[in-house]
Amino acid sequence: MTLDSLAVPMDAAQGDGDAALASRKPSDAMLRVALVGNPNCGKTALFNALTGSRQKVANYPGVTVERKSGLAHTPSGAQISVLDLPGTYSLRARSPDEVVTRDVVLGRLAGETPPDVMICVADATNLRLVLRLVLELKQIGRPMVLVLNMFDIAERQGWTINLDRLSRDLGMPVVTTVATRKRGVDQLMTAVQQLGQSIRQAEAWREPTAAEIRTAHSDAERIRKACVKPPARPDTLTGRLDSVLLHPVAGTAILMVLLFFMFQAVFSWAQPLMDLIKAGFDALSNLVNHTLPAGMLESLISDGIISGVGSVLVFVPQIMILFLFIILLEDTGYMPRAAFLMDKIMGGAGLHGRAFIPLLSSFACAIPGIMGARVIDNRRDRLTTILVAPLMTCSARIPVYTLIISAFVPNRSVWGFLSLQGVVMFGLYAAGILSALLVGFVVRKVFWRGTSEPFIMELPAYKLPDWKNVLTGVLIRGKIFVKRAGTVILGMMIVVWFLSTVPGPPPGAVGPAINYSFAGMIGHFLEPALHPIGFNWQIAVALIPGLAAREVAVAALGTVYAVAGSGEAAMGPLAGVLHAHWSLATACSLLAWYVFAPQCASTLGVIKRETNSWTWPVVTFVYMMTLAYAAAFATFHIAQALGG
Amino acid sequence: MAQALFAKRRTLSEPQPLGAVLPLGGGAKGLCGVVVQVGGGASGGGLEQAELERRLLEIGFVEGARVEIVHEGMIGRDPIGVRLDDMCVALRRREADAILVRICSKHDLSQEAGA
């Protein structure tokens with residue numbers, strides 16, 4: 001998987017003749033650059049400014065570190081391939097992300113062509129640590145340019161940076177940029193192009209000792225003192241904000257309010273858009289019903305494909321709103337503060353404060369969460385985080401929760417301003433969080449007693465997020481979800497449709513057709529096992545495709561009931577159908593089941609990839625299935641006893 | 001374990017004389033000082049001492065750096081937020097114990113910054 005495969009053909013090659021094109025293949029001609037830098041230096045914003053929408057997110061072969069690449073253009077029109085590497089403080093890699101950065105930079109990563117030129121990105125207001133990284137990178141011997149990003153902020157705060165001196169002392173060009181406004185991008189590309197003419201091979205590199213780090217620090221500090229004059233009146237905004245936001249009581253309260261607001265927003269803001277999408281798919285389905293002659297094909301397109309994809313796509317707004325919040329928290333610099341506030345609580349559950357970030361991402365989807373756990377260096381801390389990440393309420397559960405809540409919880413407000421449905425939703429989220437903390441505690445205090453990873457984290461200055469970057473990030477996440485919905489889920493929906501339609505009922509049969517189908521047979525086969533937790537065979541049928549992805553269960557229920565019902569029942573909304581068919585105890589039981597059940601093959605797959613062993617997905621599956629059955633059993637019987 | 005905690009509590013509440021050298025992890029909010037030694041202190045953590053030392057160095061805790069404890073967590077006043085020259089770093093008291101600081105007044109700190 002190299003960039004070449006996604007490079008668009010060079011347009012007319014700037015007047016070069018065909019002969020020139022033939023002798024210089026684009027892959028040879030195109031300069032490769034890699035962005036390196038500390039975390040929080042605005043590297044991603046610069047990457048976006050350089051590549052615009054021409055970027056691609058994939059994985060490095062063999063590992064699951066996200067590989068972000070794209071194409072930039074120099075002012076003279078040449079194309080440059082740009083690679084955004086994970087942020088790091090040092091080449092002395094400790095996490096898989098940092099290993100990727102190191103190996104790409106050193107040209108050690110198999111399947112990845114080493115960069116011709118390195119762009120070291122620095123936050124112009126925070127040069128202290130990056131200069132040491134620059135000196136370390138310089139030892140490798142590749143051509144390099146230092147970018148002082150967020151230069152407008154540095155100027156506004158009153159920093160004086162002697163660029164000529166800095167460039168001379170470091171022995172490399174220094175370019176200033178304001179990535180969010182694309183300022184300095186052309187100068188950077190020109191500098192890169194010039195550097196690209198003197199390709200040098202990487203030299204050997206070895207881990208620096210503590211003494212060497214100290215020496216490099218004092219070298220970097222000497223250069224910094226000579227070239228950088230701090231503002232006479234330092235900016236105190238971050239400090240003032242932190243005195244509130246990191247306040248032991250007020251800060252924690254603000255964090256909780258923020259999270260609560262986030263869930264209310266996900267639940268209610270998305271509604272108008274969801275209604276719109278739903279209406280669109282209903283119209284499409286109707287159109288098919290009226291255009292095509294009744295029969296298998298019409299049924300496949302209308303009941304299988306359109307209703308299947310539609311009932312998944314309808315949740316895109318919620319997922320995008322959730323990612324909007326997560327990206328905002330990251331871009332403003334609040335995320336590490338949240339980790340600071342949560343560290344002791346997480347530590348009480350045997351988790352690392354840094355686990356807060358992957359676990360918060362797991363609210364959107366456990367897959368990025370499990371992959372994000374690689375920011376935790378200690379293997380046991382990381383495995384614990386991976387094991388509990390699927391318990392966090394991922395967005396794929398939202399469809400299931402939404403459906404059941406809208407069918408069984410009245411839409412009224414409590415205490416005048418909170419919606420009861422939102423409160424139930426919050427309760428389900430809380431159940432996920434509490435059980436994750438509990439499982440983490442058991443794993444860490446019972447199975448893996450011992451010390452954990454140190455918590456050392458920079459608290460970067462607060463920044464106003466750049467809307468364009470935020471939107472780019474949200475759209476990329478939305479696209480990834482849609483891609484998944486469009487491929488895996490569509491395939492599953494056709495399988496479900498097939499299972500629940502074939503074989504057709506014998507002539508003169510009474511009862512719903514699905515009773516005679518494969519799905520009916522599987523459902524009836526599983527029903528005895530699920531009967532004690534209050535599930536009927538329709539649920540059993542929906543749970544099977546639901547293993548591919550949780551949200552598929554909603555579509556499957558739709559298919560099962562739409563196919564099973566006749567006339568009015570199939571026409572009415574699914575929530576109404578469920579309300580008519582299920583007891584409240586069954587609904588509660590299914591909610592409890594979904595808090596715990598490992599209903600997602602992709603999650604198990606990613607755990608396998610991340611841990612490089614089948615042990616952990618199996619452990620995850622078994623423990624979650626056990627919890628799910630126990631919780632659903634208890635919930636069902638308690639709800640029944642209370643008169644549900 | 002309990003005794004160690006007790007000892008730490010006592011350190012926290014006692015005002016420290018200027019010029020005293022103590023582990024950063026034992027300081028209370030408002031403590032100002034200059035780093036005199038990194039590594040070699042009593043450190044918990046599953047990492048070897050040398051690894052912790054290198055990590056602390058990489059994030060900027062080097063001898064001569066000016067530090068001030070500016071934030072404390074809610075439970076057990078842990079972790080702490082430390083102003084480290086012109087940046088801010090969060091770390092647990094356990095890790096901060098590997099950093100020895102010489103206490104000075106805030107005034108001295110700004111003087112040194114100017115020098």
# chains A, B, ... in the order shown; residues from 1 in each chain; ligands from 1

$ select_by_dssp --residues "range 55-88 of chain B" --states "alpha helix (DSSP H)" --output "NGL selection string"
:B and (55-59)

$ interface_residues --of "chain B" --to "chain A" --cutoff "7 Å" --atoms "only C-alpha atoms" --output "list of chain:residue names"
B:Gly45, B:Gly46, B:Arg54, B:Leu57, B:Glu58, B:Ile59, B:Gly60, B:Val62, B:His71, B:Glu72, B:Gly73, B:Met74, B:Ile75, B:Asp78, B:Pro79, B:Cys88, B:Val89, B:Ala90, B:Leu91, B:Arg92, B:Glu95

$ residues_around --residues "Leu31 in chain B" --least-positions-apart "2" --cutoff "8 Å" --atoms "only C-alpha atoms" --output "PyMOL selection string"
chain B and resi 27-29+33+68-69+103

$ write_last_selection --atoms "C-alpha atoms" --output "PDB file, in the first residue's frame"
ATOM      1  CA  GLY B  27       5.266  19.284  47.471  1.00  0.00           C
ATOM      2  CA  ALA B  28       1.989  21.078  47.981  1.00  0.00           C
ATOM      3  CA  LYS B  29       0.289  23.443  45.569  1.00  0.00           C
ATOM      4  CA  GLY B  33      11.746  25.308  43.061  1.00  0.00           C
ATOM      5  CA  GLU B  68       5.972  25.294  40.320  1.00  0.00           C
ATOM      6  CA  ILE B  69       3.122  23.064  41.421  1.00  0.00           C
ATOM      7  CA  ILE B 103      12.758  25.127  47.184  1.00  0.00           C
TER       8      ILE B 103
END

$ closest_residue --among "A:Gly70, A:Met274, A:Val560, A:Thr160" --to "Ile544 in chain A" --atoms "only C-alpha atoms"
A:Val560

$ closest_residue --among "A:Arg374, A:His579, A:Arg379, A:Lys43" --to "Glu66 in chain A" --atoms "only C-alpha atoms"
A:Arg374

$ atom_distance --atom1 "CA of Trp582 in chain A" --atom2 "CA of Gly504 in chain A"
25.6 Å

$ atom_distance --atom1 "CA of Ser198 in chain A" --atom2 "CA of Glu112 in chain A"
20.4 Å

$ closest_residue --among "A:Leu313, A:Val117, A:Ala226, A:Leu46" --to "Thr180 in chain A" --atoms "only C-alpha atoms"
A:Leu46

$ residues_around --residues "Leu324 in chain A" --least-positions-apart "5" --cutoff "10 Å" --atoms "only C-alpha atoms" --output "PyMOL selection string"
chain A and resi 262+266+318-319+329-330+470-471+473-475+477

$ select_by_dssp --residues "range 332-428 of chain A" --states "strand (DSSP E or B)" --output "PyMOL selection string"
chain A and resi 413-414+418-419

$ closest_residue --among "B:Ala20, B:Leu84, B:Val70, B:Leu56" --to "Val38 in chain B" --atoms "only C-alpha atoms"
B:Leu56

$ closest_residue --among "B:Val21, B:Gln37, B:Asp85, B:Cys32" --to "Ala98 in chain B" --atoms "only C-alpha atoms"
B:Gln37

$ residues_around --residues "Val147 in chain A" --least-positions-apart "5" --cutoff "8 Å" --atoms "only C-alpha atoms" --output "compact mmCIF listing (two decimals) with C-alpha atoms, in the first residue's frame"
# COMPACT_ATOMS: atom_id res chain seq x y z
CA ILE A 119 9.21 18.54 7.84
CA CYS A 120 9.56 19.01 11.57
CA VAL A 121 6.50 20.89 12.81
CA ALA A 122 6.74 23.03 15.93
CA VAL A 174 13.09 27.58 9.00
CA VAL A 175 9.66 28.49 7.65
CA THR A 176 6.82 30.14 9.54
CA THR A 177 3.25 29.07 8.90
CA LEU A 188 7.24 25.65 2.87

$ closest_residue --among "A:Ser395, A:Gln271, A:Thr635, A:Ser69" --to "Trp593 in chain A" --atoms "only C-alpha atoms"
A:Thr635

$ residues_around --residues "range 405-416 of chain A" --least-positions-apart "6" --cutoff "10 Å" --atoms "only C-alpha atoms" --output "list in words"
Ile398, Pro399, Gly422, Val423, Val424, Met425, Pro573, Leu574, Ala575, Gly576, Val577, Leu578, His579, Ala580, Trp582, Ser583, Leu584, Ala587, Cys588 and Leu591 of chain A

$ write_last_selection --atoms "N, CA and C atoms" --output "compact mmCIF listing (two decimals), in the first residue's frame"
# COMPACT_ATOMS: atom_id res chain seq x y z
N ILE A 398 -26.40 3.05 19.78
CA ILE A 398 -27.42 4.11 19.80
C ILE A 398 -28.67 3.70 19.02
N PRO A 399 -28.52 3.15 17.80
CA PRO A 399 -29.72 2.73 17.09
C PRO A 399 -30.59 1.77 17.91
N GLY A 422 -33.86 10.98 27.23
CA GLY A 422 -32.45 11.32 27.38
C GLY A 422 -31.89 10.80 28.69
N VAL A 423 -32.72 10.86 29.75
CA VAL A 423 -32.26 10.39 31.06
C VAL A 423 -32.01 8.88 31.01
N VAL A 424 -32.92 8.14 30.38
CA VAL A 424 -32.73 6.69 30.26
C VAL A 424 -31.46 6.40 29.48
N MET A 425 -31.27 7.16 28.40
CA MET A 425 -30.07 7.00 27.58
C MET A 425 -28.82 7.23 28.44
N PRO A 573 -44.41 2.22 11.94
CA PRO A 573 -43.00 2.31 12.31
C PRO A 573 -42.61 1.15 13.22
N LEU A 574 -41.35 0.78 13.14
CA LEU A 574 -40.85 -0.39 13.87
C LEU A 574 -41.09 -0.25 15.38
N ALA A 575 -40.90 0.96 15.90
CA ALA A 575 -41.07 1.17 17.33
C ALA A 575 -42.47 0.74 17.77
N GLY A 576 -43.47 1.11 16.95
CA GLY A 576 -44.84 0.76 17.28
C GLY A 576 -45.03 -0.75 17.27
N VAL A 577 -44.42 -1.39 16.29
CA VAL A 577 -44.51 -2.84 16.17
C VAL A 577 -43.93 -3.50 17.41
N LEU A 578 -42.76 -3.02 17.80
CA LEU A 578 -42.11 -3.62 18.96
C LEU A 578 -42.95 -3.42 20.21
N HIS A 579 -43.51 -2.20 20.34
CA HIS A 579 -44.33 -1.90 21.50
C HIS A 579 -45.48 -2.89 21.61
N ALA A 580 -46.00 -3.25 20.47
CA ALA A 580 -47.13 -4.17 20.44
C ALA A 580 -46.72 -5.62 20.73
N TRP A 582 -43.64 -6.74 22.31
CA TRP A 582 -42.76 -7.06 23.43
C TRP A 582 -43.36 -6.57 24.74
N SER A 583 -43.02 -7.26 25.82
CA SER A 583 -43.35 -6.75 27.14
C SER A 583 -42.26 -5.76 27.54
N LEU A 584 -42.57 -4.93 28.52
CA LEU A 584 -41.57 -3.97 29.00
C LEU A 584 -40.35 -4.71 29.54
N ALA A 587 -38.08 -5.63 26.78
CA ALA A 587 -37.36 -4.46 26.27
C ALA A 587 -36.19 -4.12 27.20
N CYS A 588 -36.47 -4.11 28.53
CA CYS A 588 -35.41 -3.81 29.49
C CYS A 588 -34.29 -4.84 29.40
N LEU A 591 -32.14 -4.19 26.45
CA LEU A 591 -31.25 -3.05 26.71
C LEU A 591 -30.05 -3.51 27.54
